[in-house]
Amino acid sequence: MDYKPNHAGRRYFLRAAGITLALPILESLTDRVLGSGRAVSATGLSAATTEGARPRRLVCIGNHLGFYPPAFFPKAAGKDYELPLLLEPIAAHRKNLTVFSGLDHGVKGGHFAVHAFLSGVRNVDAKGMPEGNITLDQRAAETVGGATRFPCLTIGSEDGIHGGTLMSWTRSGTRVNPIQGPREVFRKLFLDDTPDERANSKDRLSLQGSILDAVNGDAKSLGRDLGKRDREKLEEYFTSVRDVEQQIQLNRQWADVPKPKAPMKEPENRGMVSDLPVLYDLVVLALQTDSTRIATLEIAGGFLSQALGVKKEYHALSHHGQVQEDIDSLLTVEKYQMEQFARFLAKLSGMEDGGGTMLQHTSVLFGSGIGNANSHVNSNLPVIVAGGGFRHGEYKAYPQGNTRVPLCNLYLTLLQRFGVQAQRFGTSTSTLTGFDAA
């Protein structure tokens, strides 16, 4: 069957099973009939762990507004560093974590570059990169495949400045929509569909799969007749289709598998300040039940500081203009976040996991894509790594300026520790020198 292009606005369409799907605008296409092609199946994915080994896990926690630098970074590097105010809550865990300074992505844009925190690449610059602006969590999730129900659990909120949570991106440049509250995370993890809902879901998955196969095949047949620029556009399109295909395949695989029994009552959504400890608890449960091995949690600009007795809202406090009263209020907000992070580490370190603890088998990245919100800079990012079986207990200060070390070097190290056979990630130049497994 032939599929004819629609000439309106120079857009072309493929039709299958009653569904019309628009192709990207391709300059090479003229007024001709599009031929049919062969369907391309989704690429199989392999698990990140070897048989008999404890599964490696990765948790990425991001703050949208950074931390007040003088209260975050110690004054002297090494093992005997003195804890500044914001690190005091994690004092009990210092032997299990490393504090970094001098690492960043070399990007600019203030709040509009924060979304590059886990990728090293702004969305607008993604086309020039081999893997686009895929983020650390999503790159790791690609290797997990169907080993867990959720390759990655992405949690955040859509409120706040500049679009809310923007921390996770696929290699096709698509933002991963977050699960927005503890109630929704709980339901995702523990509530099964009814038999009728499962049957309807399987029917939808079967239909969607057949549509994608048909449309993808017709689109692929165009490639041999296109110019270089249009082939690149079409490959981006294929990548997006493959993302959907893989998700459909995974959903079908887990459709009949019961979810774990809920170990707690369904929580209510009370606002990010009250929700934060509950969200951390749910991440722990997701790892413990092996529902996922990768989780991402972002604290966006809509974090309501008034719930902590602070008069001004969080974003305004981050632009404190060196007013001490505002700095003090900002530190109240940031210290609360550090306290909840410390509580999360305590739970992981107190949980047995094979011959060690959950923290030993989980690399936890904590930080922000902005170094100083008051001056809108994305350099010298606040970064902590805990657990994961690394040699910890130090404050590592890396050089800045012309000898700057890419933060993606640390990310490549984390990926390799997770089990990803990668030699580069984002803007990395190597793995991170001086940060090794124990």
# chains A, B, ... in the order shown; residues from 1 in each chain; ligands from 1
$ select_by_dssp --residues "range 76-170 of chain A" --states "alpha helix (DSSP H)" --output "list in words"
Leu136, Asp137, Gln138, Arg139, Ala140 and Ala141 of chain A
$ write_last_selection --atoms "N, CA and C atoms" --output "compact mmCIF listing (two decimals), in the first residue's frame"
# COMPACT_ATOMS: atom_id res chain seq x y z
N LEU A 136 22.97 10.92 32.76
CA LEU A 136 23.64 9.83 33.44
C LEU A 136 22.68 8.70 33.80
N ASP A 137 21.54 9.05 34.36
CA ASP A 137 20.58 8.03 34.78
C ASP A 137 20.03 7.25 33.60
N GLN A 138 19.70 7.95 32.51
CA GLN A 138 19.13 7.29 31.35
C GLN A 138 20.16 6.45 30.61
N ARG A 139 21.42 6.89 30.61
CA ARG A 139 22.48 6.08 29.98
C ARG A 139 22.66 4.77 30.75
N ALA A 140 22.64 4.84 32.06
CA ALA A 140 22.73 3.62 32.86
C ALA A 140 21.51 2.74 32.65
N ALA A 141 20.33 3.36 32.55
CA ALA A 141 19.09 2.60 32.41
C ALA A 141 19.04 1.82 31.11
$ residues_around --residues "Pro277 in chain A" --least-positions-apart "5" --cutoff "12 Å" --atoms "only C-alpha atoms" --output "PyMOL selection string"
chain A and resi 181-182+267+269-272+282-284+297+299+336-345+347
$ select_by_dssp --residues "range 58-118 of chain A" --states "strand (DSSP E or B)" --output "list in words"
Leu58, Val59, Cys60, Ile61, Gly62, Asn63, Gly78, Leu97, Thr98, Val99, Phe100, Ser101, Leu103 and Asp104 of chain A
$ write_last_selection --atoms "N, CA and C atoms" --output "CSV table (one decimal), in the first residue's frame"
chain,number,residue,atom,x,y,z
A,58,LEU,N,22.2,3.1,41.2
A,58,LEU,CA,22.6,4.4,41.0
A,58,LEU,C,21.4,5.3,41.4
A,59,VAL,N,21.7,6.3,42.2
A,59,VAL,CA,20.7,7.3,42.6
A,59,VAL,C,21.3,8.7,42.3
A,60,CYS,N,20.5,9.5,41.6
A,60,CYS,CA,21.0,10.9,41.3
A,60,CYS,C,20.0,11.9,41.9
A,61,ILE,N,20.5,12.8,42.8
A,61,ILE,CA,19.7,13.8,43.5
A,61,ILE,C,20.1,15.2,43.1
A,62,GLY,N,19.2,16.0,42.6
A,62,GLY,CA,19.6,17.3,42.1
A,62,GLY,C,18.8,18.4,42.7
A,63,ASN,N,19.5,19.5,42.9
A,63,ASN,CA,18.8,20.7,43.5
A,63,ASN,C,18.8,21.7,42.4
A,78,GLY,N,41.5,17.3,51.4
A,78,GLY,CA,42.1,16.2,52.1
A,78,GLY,C,41.1,15.4,52.9
A,97,LEU,N,31.6,9.0,52.0
A,97,LEU,CA,31.3,9.9,50.9
A,97,LEU,C,32.5,10.8,50.6
A,98,THR,N,32.4,11.4,49.4
A,98,THR,CA,33.4,12.3,48.9
A,98,THR,C,32.8,13.6,48.5
A,99,VAL,N,33.4,14.7,48.9
A,99,VAL,CA,32.9,16.0,48.5
A,99,VAL,C,33.9,16.5,47.4
A,100,PHE,N,33.3,17.1,46.3
A,100,PHE,CA,34.1,17.6,45.2
A,100,PHE,C,33.9,19.1,45.0
A,101,SER,N,35.0,19.7,44.6
A,101,SER,CA,34.8,21.1,44.1
A,101,SER,C,35.7,21.2,42.8
A,103,LEU,N,34.6,20.9,39.7
A,103,LEU,CA,34.0,20.1,38.6
A,103,LEU,C,32.7,20.8,38.1
A,104,ASP,N,32.6,20.9,36.8
A,104,ASP,CA,31.5,21.5,36.1
A,104,ASP,C,31.5,21.1,34.7
$ closest_residue --among "A:Val257, A:Ala113, A:Leu189, A:Ala422" --to "Ala373 in chain A" --atoms "only C-alpha atoms"
A:Ala113
$ closest_residue --among "A:Lys188, A:His105, A:Arg94, A:Lys79" --to "Thr427 in chain A" --atoms "only C-alpha atoms"
A:His105
